[in-house]
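The block underneath contains the structure these notes are about, expressed in structure tokens.
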Amino acid sequence: MATKKCLLLGVTGGVAAYKAAEAARLLTQQAIDVKTVMTQSACRFVGPITFQSLTGNPVYTDLWETNAAQNMAHIHLSRMADLILIAPASADFIAKLANGLADDLLTTLCLARDCPLIIAPAMNKQMWQNPATQRNLSILRQDGVIVVGPASGMQACGETGMGRMLEAAELVEAVYTALYAEKPLRGKRVLITAGPTFEAIDAVRGITNKSSGKMGYAIAQAAVEAGATVTLISGTTCLTPPAVDEFVSVISADEMLQAVQTAVPQTDIFIGVAAVADYRAAKISPQKIKKTDKNLSIELIPNPDILSAVSGLPDPPFCVGFAAETENLERNAEAKRRKKNLPLLIANLAQDAIGADESELILFDDAGKHILPKAAKIAQACRIIKHIGTLYFQTKK
Ligand code: C5P
């Protein structure tokens with residue numbers, strides 16, 4: 001008989017702790033050995049006895065637990081675990097984790113772990129949006145921590161917005177994916193471009209495109225989670241890159257093209273998410289152009305189309321494009337897909353998508369169109385990577 005998988009469920013202080021109890025019940029029912037560790041604040045929301053009764057295992061709350069093997073609960077518990085799930089993960093706990101603090105049992109065993117870690121954030125929408133929280137989450141993603149949720153909706157405080165913890169069934173799904181899911185892109189090399197390019201006009205000025213890089217970085221994160229070896233080539237953004245295998249920072253379209261050309265021979269799948277500037281200045285002035293009261297004309301010349309350059313290679317990788325359109329979305333997207341000779345193009349309305357955390361997408365491929373209703377970019381990225389995996393393996397048959 002296969003040995004049971006062991007999940008270490010960390011519960012931190014938040015109203016959503018009751019959903020963690022339901023998740024513990026569902027996971028135990030599905031033959032996963034759930035061991036619970038609660039912080040002091042978590043115990044104020046739900047009693048340890050609840051988790052003990054639902055999982056049939058003792059609950060740990062104390063770093064100085066005398067019954068644990070050699071009195072080293074933090075090492076012992078983390079060695080037994082195949083996976084750690086922190087649900088709910090409070091803003092405070094996320095901050096501690098991002099900074100490597102280890103001042104209680106749960107933070108200490110997270111630091112001592114040698115297994116994957118999933119966190120399910122839960123907090124008030126303002127706490128979620130706070131740059132400090134977002135900065136901490138970026139660090140954790142970069143460290144390879146899987147962040148699931150939060151969802152948007154009615155919150156315990158009465159406000160509505162991002163910050164609701166995922167439901168118990170969704171947590172169970174995340175645990176199953178981490179423990180059992182096939183890594184569909186294991187062994188595949190994925191190259192992604194993201195963010196804007198910046199085309200200098202003079203020493204201090206330039207032209208660029210509006211792009212936060214959020215979608216490209218989310219796709220890179222999803223590809224990593226799908227087991228791919230990922231190279232991310234990015235224009236300037238304010239984001240912390242996810243834990244990719246190689247990160248190349250570029251500024252202009254020409255630099256991006258060169259970086260892509262270097263990486264493309266070792267690429268199975270190329271995903272062009274970058275908002276590449278279509279034109280650049282014919283001449284870049286090395287000095288700042290002085291202001292006068294006359295009109296100024298700048299000659300612009302077309303930039304290379306990076307995606308077309310790759311899809312036009314004699315033996316191209318599987319190429320995926322993105323299109324942000326302001327009007328006639330479907331017609332323009334399908335025309336672009338054909339022109340650039342792409343098996344898959346993903347389109348969205350520019351005015352809805354740029355800089356936002358959520359997006360509604362339409363996927364165009366040879367089978368027609370598939371609508372991905374509005375959801376967080378990371379959730380959309382996981383769906384996109386799954387779809388790319390399916391199409392990629394179909395073309396290889
Ligand atoms: O700008 P456009 O709408 O044509 O972008 C469609 C796709 O082509 C995107 O995936 C984008 O990353 C890619 N592209 C590119 N090089 C360009 C312009 C666009 O790779 N110069």
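Each chain in the structure tokens gets a letter, A, B, ..., in the order shown, and its residues are numbered from 1; ligands are numbered from 1 in order too.
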Residues up to 9 Å from ligand 1, counting only C-alpha atoms and all ligand atoms: could you list those as a VMD selection string?
chain A and resid 193 to 195 253 256 to 257 271 to 279 302 to 310 320 to 325 332 to 333 336 to 337 340 345 to 347
Strand (DSSP E or B) positions in segment 126-353 of chain A, given as a compact mmCIF listing (two decimals) with all heavy atoms, in the first residue's frame:
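Saved as result-v4.txt:
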# COMPACT_ATOMS: atom_id res chain seq x y z
N ILE A 146 4.49 28.93 -3.16
CA ILE A 146 3.29 28.97 -4.01
C ILE A 146 2.22 29.77 -3.27
O ILE A 146 1.88 29.46 -2.13
CB ILE A 146 2.78 27.54 -4.30
CG1 ILE A 146 3.88 26.69 -4.94
CG2 ILE A 146 1.53 27.56 -5.16
CD1 ILE A 146 3.61 25.20 -4.92
N VAL A 147 1.74 30.82 -3.92
CA VAL A 147 0.72 31.66 -3.28
C VAL A 147 -0.62 31.36 -3.95
O VAL A 147 -0.75 31.52 -5.17
CB VAL A 147 1.07 33.16 -3.46
CG1 VAL A 147 0.05 34.04 -2.75
CG2 VAL A 147 2.48 33.45 -2.94
N ALA A 151 -9.15 35.53 -2.95
CA ALA A 151 -10.24 35.85 -3.87
C ALA A 151 -10.80 37.20 -3.47
O ALA A 151 -10.45 37.76 -2.44
CB ALA A 151 -11.31 34.77 -3.77
N SER A 152 -11.65 37.69 -4.36
CA SER A 152 -12.30 38.96 -4.10
C SER A 152 -13.71 38.68 -3.59
O SER A 152 -14.32 37.71 -4.00
CB SER A 152 -12.34 39.73 -5.42
OG SER A 152 -12.87 40.98 -5.22
N GLY A 153 -14.22 39.49 -2.70
CA GLY A 153 -15.59 39.29 -2.23
C GLY A 153 -15.84 39.99 -0.92
O GLY A 153 -15.07 40.84 -0.50
N MET A 154 -16.92 39.61 -0.28
CA MET A 154 -17.33 40.21 1.00
C MET A 154 -16.35 39.75 2.07
O MET A 154 -16.01 38.58 2.15
CB MET A 154 -18.74 39.70 1.32
CG MET A 154 -19.35 40.31 2.53
SD MET A 154 -19.86 42.01 2.18
CE MET A 154 -20.55 42.43 3.76
N THR A 160 -15.74 45.04 0.91
CA THR A 160 -15.70 44.11 -0.21
C THR A 160 -14.44 44.37 -1.02
O THR A 160 -14.13 45.52 -1.30
CB THR A 160 -16.94 44.33 -1.12
OG1 THR A 160 -18.09 44.16 -0.30
CG2 THR A 160 -17.00 43.30 -2.25
N GLY A 161 -13.72 43.31 -1.36
CA GLY A 161 -12.50 43.49 -2.16
C GLY A 161 -11.62 42.25 -2.09
O GLY A 161 -12.04 41.21 -1.57
N MET A 162 -10.37 42.42 -2.59
CA MET A 162 -9.41 41.31 -2.60
C MET A 162 -8.95 41.02 -1.17
O MET A 162 -8.64 41.94 -0.42
CB MET A 162 -8.17 41.68 -3.41
CG MET A 162 -8.31 41.61 -4.90
SD MET A 162 -8.52 39.95 -5.51
CE MET A 162 -6.83 39.47 -5.76
N GLY A 163 -8.86 39.75 -0.82
CA GLY A 163 -8.33 39.42 0.49
C GLY A 163 -9.03 38.23 1.15
O GLY A 163 -8.56 37.73 2.17
N ARG A 164 -10.16 37.80 0.57
CA ARG A 164 -10.85 36.62 1.14
C ARG A 164 -10.02 35.38 0.89
O ARG A 164 -9.56 35.16 -0.25
CB ARG A 164 -12.17 36.39 0.39
CG ARG A 164 -13.39 37.02 0.99
CD ARG A 164 -14.58 36.70 0.10
NE ARG A 164 -14.96 35.30 0.25
CZ ARG A 164 -15.83 34.86 1.15
NH1 ARG A 164 -16.41 35.72 1.96
NH2 ARG A 164 -16.14 33.59 1.23
N ARG A 189 11.79 23.63 -22.02
CA ARG A 189 12.43 24.92 -21.82
C ARG A 189 11.53 26.03 -22.37
O ARG A 189 11.19 26.01 -23.57
CB ARG A 189 13.79 24.93 -22.51
CG ARG A 189 14.74 23.91 -21.83
CD ARG A 189 15.80 23.42 -22.74
NE ARG A 189 15.26 22.90 -24.00
CZ ARG A 189 16.00 22.50 -25.01
NH1 ARG A 189 17.30 22.54 -24.92
NH2 ARG A 189 15.44 22.04 -26.12
N VAL A 190 11.13 26.91 -21.49
CA VAL A 190 10.17 27.95 -21.87
C VAL A 190 10.86 29.32 -21.80
O VAL A 190 11.51 29.65 -20.81
CB VAL A 190 8.95 27.92 -20.93
CG1 VAL A 190 7.98 29.05 -21.26
CG2 VAL A 190 8.23 26.58 -21.03
N LEU A 191 10.71 30.07 -22.87
CA LEU A 191 11.30 31.42 -22.95
C LEU A 191 10.15 32.44 -22.98
O LEU A 191 9.22 32.29 -23.78
CB LEU A 191 12.14 31.51 -24.23
CG LEU A 191 12.76 32.86 -24.57
CD1 LEU A 191 13.75 33.29 -23.49
CD2 LEU A 191 13.48 32.79 -25.92
N ILE A 192 10.22 33.42 -22.10
CA ILE A 192 9.12 34.39 -21.98
C ILE A 192 9.68 35.81 -22.06
O ILE A 192 10.69 36.11 -21.40
CB ILE A 192 8.38 34.19 -20.63
CG1 ILE A 192 7.77 32.78 -20.57
CG2 ILE A 192 7.30 35.25 -20.42
CD1 ILE A 192 7.42 32.32 -19.18
N THR A 193 9.03 36.67 -22.85
CA THR A 193 9.37 38.10 -22.79
C THR A 193 8.26 38.80 -22.02
O THR A 193 7.10 38.41 -22.10
CB THR A 193 9.49 38.75 -24.18
OG1 THR A 193 8.21 38.70 -24.83
CG2 THR A 193 10.54 38.08 -25.03
N ALA A 194 8.63 39.83 -21.25
CA ALA A 194 7.63 40.53 -20.43
C ALA A 194 7.99 41.99 -20.29
O ALA A 194 9.12 42.40 -20.55
CB ALA A 194 7.57 39.88 -19.05
N PRO A 196 7.59 46.32 -20.67
CA PRO A 196 7.68 47.23 -21.83
C PRO A 196 9.11 47.30 -22.35
O PRO A 196 10.05 46.91 -21.65
CB PRO A 196 7.30 48.57 -21.21
CG PRO A 196 7.85 48.47 -19.81
CD PRO A 196 7.77 47.03 -19.39
N PHE A 198 11.88 50.25 -23.80
CA PHE A 198 12.08 51.71 -23.73
C PHE A 198 13.06 52.08 -24.83
O PHE A 198 14.15 51.51 -24.93
CB PHE A 198 12.64 52.09 -22.35
CG PHE A 198 12.97 53.54 -22.21
CD1 PHE A 198 12.02 54.44 -21.80
CD2 PHE A 198 14.25 54.01 -22.49
CE1 PHE A 198 12.32 55.80 -21.67
CE2 PHE A 198 14.56 55.36 -22.38
CZ PHE A 198 13.58 56.26 -21.96
N GLU A 199 12.64 53.01 -25.68
CA GLU A 199 13.47 53.40 -26.83
C GLU A 199 13.95 54.83 -26.61
O GLU A 199 13.13 55.77 -26.60
CB GLU A 199 12.66 53.31 -28.13
CG GLU A 199 11.84 52.02 -28.27
CD GLU A 199 12.67 50.75 -28.28
OE1 GLU A 199 13.83 50.81 -28.73
OE2 GLU A 199 12.16 49.70 -27.85
N ALA A 200 15.24 54.98 -26.43
CA ALA A 200 15.79 56.31 -26.10
C ALA A 200 15.65 57.27 -27.29
O ALA A 200 15.77 56.85 -28.45
CB ALA A 200 17.25 56.17 -25.71
N GLY A 206 12.68 59.23 -23.84
CA GLY A 206 12.45 58.07 -24.68
C GLY A 206 10.98 57.80 -24.86
O GLY A 206 10.14 58.50 -24.29
N ILE A 207 10.67 56.78 -25.65
CA ILE A 207 9.26 56.37 -25.81
C ILE A 207 9.14 54.94 -25.31
O ILE A 207 10.06 54.14 -25.43
CB ILE A 207 8.76 56.48 -27.28
CG1 ILE A 207 9.78 55.89 -28.26
CG2 ILE A 207 8.37 57.89 -27.63
CD1 ILE A 207 9.29 55.88 -29.69
N THR A 208 7.97 54.67 -24.76
CA THR A 208 7.76 53.34 -24.21
C THR A 208 6.29 52.95 -24.35
O THR A 208 5.49 53.73 -24.89
CB THR A 208 8.23 53.28 -22.74
OG1 THR A 208 8.19 51.94 -22.27
CG2 THR A 208 7.34 54.12 -21.82
N THR A 229 11.79 24.61 -17.33
CA THR A 229 12.99 25.41 -17.10
C THR A 229 12.72 26.75 -17.78
O THR A 229 12.47 26.79 -19.00
CB THR A 229 14.21 24.72 -17.77
OG1 THR A 229 14.31 23.42 -17.21
CG2 THR A 229 15.49 25.49 -17.53
N VAL A 230 12.72 27.82 -17.01
CA VAL A 230 12.18 29.09 -17.54
C VAL A 230 13.25 30.17 -17.64
O VAL A 230 14.00 30.42 -16.69
CB VAL A 230 11.02 29.59 -16.64
CG1 VAL A 230 10.48 30.92 -17.14
CG2 VAL A 230 9.90 28.56 -16.58
N THR A 231 13.30 30.81 -18.81
CA THR A 231 14.11 32.02 -18.99
C THR A 231 13.13 33.18 -19.17
O THR A 231 12.24 33.10 -20.03
CB THR A 231 15.02 31.90 -20.22
OG1 THR A 231 15.91 30.80 -20.03
CG2 THR A 231 15.84 33.16 -20.43
N LEU A 232 13.30 34.21 -18.37
CA LEU A 232 12.42 35.38 -18.46
C LEU A 232 13.26 36.58 -18.90
O LEU A 232 14.23 36.94 -18.22
CB LEU A 232 11.79 35.64 -17.09
CG LEU A 232 10.91 36.89 -16.94
CD1 LEU A 232 9.72 36.88 -17.89
CD2 LEU A 232 10.41 37.01 -15.49
N ILE A 233 12.90 37.15 -20.06
CA ILE A 233 13.60 38.34 -20.56
C ILE A 233 12.65 39.51 -20.38
O ILE A 233 11.54 39.50 -20.93
CB ILE A 233 13.98 38.16 -22.04
CG1 ILE A 233 14.94 36.96 -22.20
CG2 ILE A 233 14.62 39.44 -22.59
CD1 ILE A 233 15.25 36.58 -23.63
N SER A 234 13.07 40.48 -19.58
CA SER A 234 12.10 41.51 -19.20
C SER A 234 12.62 42.92 -19.41
O SER A 234 13.78 43.22 -19.11
CB SER A 234 11.75 41.31 -17.72
OG SER A 234 10.92 42.36 -17.27
N GLU A 246 16.57 31.54 -15.36
CA GLU A 246 17.43 32.63 -15.85
C GLU A 246 16.59 33.88 -16.04
O GLU A 246 15.50 33.82 -16.64
CB GLU A 246 18.11 32.24 -17.16
CG GLU A 246 19.25 33.17 -17.50
CD GLU A 246 19.86 32.90 -18.88
OE1 GLU A 246 19.44 31.93 -19.54
OE2 GLU A 246 20.73 33.66 -19.27
N PHE A 247 17.08 34.98 -15.52
CA PHE A 247 16.38 36.26 -15.69
C PHE A 247 17.31 37.23 -16.41
O PHE A 247 18.44 37.43 -16.00
CB PHE A 247 15.99 36.83 -14.32
CG PHE A 247 15.30 38.16 -14.42
CD1 PHE A 247 13.97 38.23 -14.81
CD2 PHE A 247 15.98 39.34 -14.14
CE1 PHE A 247 13.33 39.46 -14.92
CE2 PHE A 247 15.35 40.57 -14.25
CZ PHE A 247 14.02 40.62 -14.64
N VAL A 248 16.83 37.78 -17.54
CA VAL A 248 17.65 38.73 -18.31
C VAL A 248 16.91 40.06 -18.35
O VAL A 248 15.76 40.12 -18.81
CB VAL A 248 17.90 38.21 -19.75
CG1 VAL A 248 18.86 39.13 -20.49
CG2 VAL A 248 18.41 36.78 -19.74
N SER A 249 17.60 41.10 -17.88
CA SER A 249 16.97 42.41 -17.86
C SER A 249 17.43 43.20 -19.09
O SER A 249 18.63 43.30 -19.36
CB SER A 249 17.42 43.09 -16.57
OG SER A 249 17.01 44.40 -16.56
N ILE A 269 9.28 26.25 -26.04
CA ILE A 269 8.06 27.07 -26.11
C ILE A 269 8.46 28.53 -25.90
O ILE A 269 9.15 28.86 -24.94
CB ILE A 269 7.05 26.64 -25.02
CG1 ILE A 269 6.62 25.18 -25.24
CG2 ILE A 269 5.84 27.57 -24.98
CD1 ILE A 269 5.83 24.57 -24.09
N PHE A 270 8.03 29.39 -26.83
CA PHE A 270 8.33 30.82 -26.70
C PHE A 270 7.02 31.59 -26.49
O PHE A 270 6.09 31.45 -27.29
CB PHE A 270 9.04 31.33 -27.97
CG PHE A 270 9.27 32.83 -27.97
CD1 PHE A 270 9.97 33.43 -26.94
CD2 PHE A 270 8.78 33.63 -28.99
CE1 PHE A 270 10.17 34.82 -26.91
CE2 PHE A 270 8.98 35.01 -28.98
CZ PHE A 270 9.68 35.60 -27.94
N ILE A 271 6.95 32.36 -25.41
CA ILE A 271 5.73 33.12 -25.13
C ILE A 271 6.09 34.61 -25.09
O ILE A 271 6.80 35.07 -24.19
CB ILE A 271 5.10 32.70 -23.78
CG1 ILE A 271 5.03 31.16 -23.68
CG2 ILE A 271 3.72 33.31 -23.62
CD1 ILE A 271 4.57 30.64 -22.32
N GLY A 272 5.63 35.35 -26.09
CA GLY A 272 5.95 36.79 -26.18
C GLY A 272 4.85 37.59 -25.50
O GLY A 272 3.80 37.84 -26.09
N ALA A 275 5.34 44.07 -24.16
CA ALA A 275 4.76 45.16 -24.95
C ALA A 275 5.94 45.87 -25.62
O ALA A 275 6.52 46.81 -25.06
CB ALA A 275 3.99 46.10 -24.06
N TYR A 279 8.11 51.39 -32.68
CA TYR A 279 9.07 52.28 -33.35
C TYR A 279 10.16 52.73 -32.39
O TYR A 279 9.97 52.73 -31.18
CB TYR A 279 8.35 53.54 -33.87
CG TYR A 279 7.31 53.24 -34.92
CD1 TYR A 279 5.99 53.02 -34.54
CD2 TYR A 279 7.65 53.16 -36.26
CE1 TYR A 279 5.03 52.73 -35.50
CE2 TYR A 279 6.70 52.87 -37.22
CZ TYR A 279 5.39 52.66 -36.84
OH TYR A 279 4.45 52.37 -37.78
N ARG A 280 11.29 53.14 -32.96
CA ARG A 280 12.34 53.77 -32.16
C ARG A 280 12.89 54.97 -32.95
O ARG A 280 12.66 55.08 -34.17
CB ARG A 280 13.47 52.77 -31.86
CG ARG A 280 14.26 52.34 -33.06
CD ARG A 280 15.43 51.45 -32.63
NE ARG A 280 16.28 51.10 -33.75
CZ ARG A 280 16.07 50.09 -34.58
NH1 ARG A 280 15.00 49.32 -34.42
NH2 ARG A 280 16.90 49.84 -35.56
N ALA A 281 13.61 55.83 -32.25
CA ALA A 281 14.16 57.01 -32.92
C ALA A 281 15.24 56.59 -33.90
O ALA A 281 16.06 55.71 -33.59
CB ALA A 281 14.73 57.96 -31.87
N LEU A 300 10.95 58.35 -36.66
CA LEU A 300 10.82 57.05 -36.01
C LEU A 300 10.95 55.95 -37.05
O LEU A 300 10.38 56.06 -38.15
CB LEU A 300 9.46 56.93 -35.31
CG LEU A 300 9.20 57.90 -34.15
CD1 LEU A 300 7.79 57.70 -33.60
CD2 LEU A 300 10.23 57.72 -33.04
N ILE A 301 11.68 54.93 -36.73
CA ILE A 301 11.81 53.79 -37.65
C ILE A 301 11.27 52.54 -36.96
O ILE A 301 11.27 52.46 -35.73
CB ILE A 301 13.28 53.57 -38.10
CG1 ILE A 301 14.20 53.42 -36.88
CG2 ILE A 301 13.76 54.71 -38.98
CD1 ILE A 301 15.62 53.01 -37.24
N PRO A 302 10.75 51.58 -37.74
CA PRO A 302 10.12 50.42 -37.11
C PRO A 302 11.13 49.56 -36.36
O PRO A 302 12.27 49.42 -36.78
CB PRO A 302 9.53 49.63 -38.28
CG PRO A 302 9.79 50.41 -39.50
CD PRO A 302 10.71 51.54 -39.20
N PHE A 318 7.41 26.29 -30.26
CA PHE A 318 5.97 26.54 -30.21
C PHE A 318 5.79 27.99 -29.76
O PHE A 318 6.24 28.36 -28.68
CB PHE A 318 5.33 25.56 -29.21
CG PHE A 318 3.83 25.66 -29.14
CD1 PHE A 318 3.04 24.90 -29.98
CD2 PHE A 318 3.23 26.52 -28.23
CE1 PHE A 318 1.66 25.00 -29.92
CE2 PHE A 318 1.86 26.62 -28.16
CZ PHE A 318 1.07 25.86 -29.00
N CYS A 319 5.18 28.83 -30.63
CA CYS A 319 5.15 30.27 -30.35
C CYS A 319 3.77 30.75 -29.91
O CYS A 319 2.76 30.43 -30.54
CB CYS A 319 5.55 31.06 -31.59
SG CYS A 319 7.31 30.96 -31.93
N VAL A 320 3.75 31.53 -28.85
CA VAL A 320 2.50 32.08 -28.33
C VAL A 320 2.62 33.60 -28.27
O VAL A 320 3.63 34.13 -27.79
CB VAL A 320 2.21 31.55 -26.90
CG1 VAL A 320 0.91 32.10 -26.36
CG2 VAL A 320 2.21 30.02 -26.90
N GLY A 321 1.59 34.29 -28.76
CA GLY A 321 1.61 35.76 -28.73
C GLY A 321 0.51 36.31 -27.85
O GLY A 321 -0.45 35.61 -27.50
N PHE A 322 0.67 37.56 -27.49
CA PHE A 322 -0.35 38.28 -26.74
C PHE A 322 -0.77 39.49 -27.56
O PHE A 322 0.04 40.04 -28.30
CB PHE A 322 0.21 38.78 -25.40
CG PHE A 322 -0.03 37.81 -24.29
CD1 PHE A 322 0.70 36.64 -24.22
CD2 PHE A 322 -1.01 38.05 -23.34
CE1 PHE A 322 0.45 35.73 -23.21
CE2 PHE A 322 -1.26 37.15 -22.33
CZ PHE A 322 -0.53 35.99 -22.26
N ALA A 323 -2.02 39.89 -27.43
CA ALA A 323 -2.46 41.10 -28.11
C ALA A 323 -3.36 41.89 -27.20
O ALA A 323 -4.36 41.37 -26.71
CB ALA A 323 -3.20 40.74 -29.40
N ALA A 324 -2.97 43.12 -26.93
CA ALA A 324 -3.84 44.03 -26.19
C ALA A 324 -4.44 44.96 -27.24
O ALA A 324 -3.72 45.66 -27.93
CB ALA A 324 -3.03 44.81 -25.17
N GLU A 325 -5.75 44.93 -27.37
CA GLU A 325 -6.42 45.75 -28.39
C GLU A 325 -7.38 46.70 -27.70
O GLU A 325 -7.90 46.39 -26.63
CB GLU A 325 -7.22 44.83 -29.35
CG GLU A 325 -6.37 43.79 -30.06
CD GLU A 325 -5.44 44.38 -31.11
OE1 GLU A 325 -5.68 45.51 -31.54
OE2 GLU A 325 -4.45 43.71 -31.46
N LEU A 344 -1.11 29.85 -31.18
CA LEU A 344 -1.97 30.38 -30.10
C LEU A 344 -1.70 31.86 -29.89
O LEU A 344 -0.55 32.28 -29.80
CB LEU A 344 -1.69 29.61 -28.79
CG LEU A 344 -2.41 30.09 -27.54
CD1 LEU A 344 -3.93 29.90 -27.66
CD2 LEU A 344 -1.90 29.35 -26.30
N LEU A 345 -2.80 32.62 -29.82
CA LEU A 345 -2.67 34.04 -29.47
C LEU A 345 -3.69 34.36 -28.38
O LEU A 345 -4.82 33.90 -28.42
CB LEU A 345 -2.91 34.93 -30.69
CG LEU A 345 -2.70 36.42 -30.36
CD1 LEU A 345 -1.63 37.05 -31.23
CD2 LEU A 345 -3.99 37.19 -30.48
N ILE A 346 -3.24 35.12 -27.40
CA ILE A 346 -4.10 35.44 -26.26
C ILE A 346 -4.40 36.93 -26.29
O ILE A 346 -3.48 37.75 -26.35
CB ILE A 346 -3.39 35.04 -24.94
CG1 ILE A 346 -3.17 33.52 -24.97
CG2 ILE A 346 -4.19 35.45 -23.72
CD1 ILE A 346 -2.01 33.05 -24.18
N ALA A 347 -5.68 37.26 -26.27
CA ALA A 347 -6.06 38.66 -26.46
C ALA A 347 -6.82 39.20 -25.26
O ALA A 347 -7.55 38.46 -24.60
CB ALA A 347 -6.92 38.79 -27.71
N ASN A 348 -6.63 40.47 -25.01
CA ASN A 348 -7.46 41.14 -24.01
C ASN A 348 -7.66 42.60 -24.39
O ASN A 348 -6.97 43.11 -25.27
CB ASN A 348 -6.90 41.00 -22.59
CG ASN A 348 -5.46 41.49 -22.49
OD1 ASN A 348 -5.00 42.24 -23.34
ND2 ASN A 348 -4.78 41.04 -21.47
N LEU A 349 -8.61 43.22 -23.75
CA LEU A 349 -8.86 44.63 -24.01
C LEU A 349 -7.84 45.45 -23.23
O LEU A 349 -7.75 45.32 -22.01
CB LEU A 349 -10.27 45.01 -23.57
CG LEU A 349 -11.38 44.77 -24.60
CD1 LEU A 349 -12.73 45.11 -24.01
CD2 LEU A 349 -11.14 45.54 -25.90
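The nearest approach to Thr237 of chain A among the residues A:Asn136, A:Asn295, A:Thr197, A:Thr28, with only C-alpha atoms taken into account, belongs to A:Thr197.
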Write out as number ranges by chain each polymer residue whose atoms come within 10 Å of Val34 of chain A, counting only C-alpha atoms; drop sequence neighbours fewer than 6 positions from it.
A: 4-9, 23-25, 27-28, 51-52, 54-59, 81, 84
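Neighbours of Thr108 of chain A closer than or equal to 10 Å, with only C-alpha atoms counted and sequence neighbours fewer than 3 positions away skipped, come out as Leu63, Ala73, His74, Ile75, Ser78, Leu97, Gly100, Leu101, Ala102, Asp103, Asp104, Leu105, Leu111, Ala112 and Arg113 of chain A.
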With DSSP run on the backbone, what are the alpha helix (DSSP H) residues within segment 63-304 of chain A? I'd like them as a ChimeraX atom specification.
/A:73-80,91-98,105-111,125-129,131-142,168-180,214-225,253-263
Go through A:Gly47, A:Val148, A:Gly216, A:Gln129 one by one, measure the shortest atom-to-atom distance of each to Leu85 of chain A using only C-alpha atoms, and give the residue with the smallest value.
A:Val148
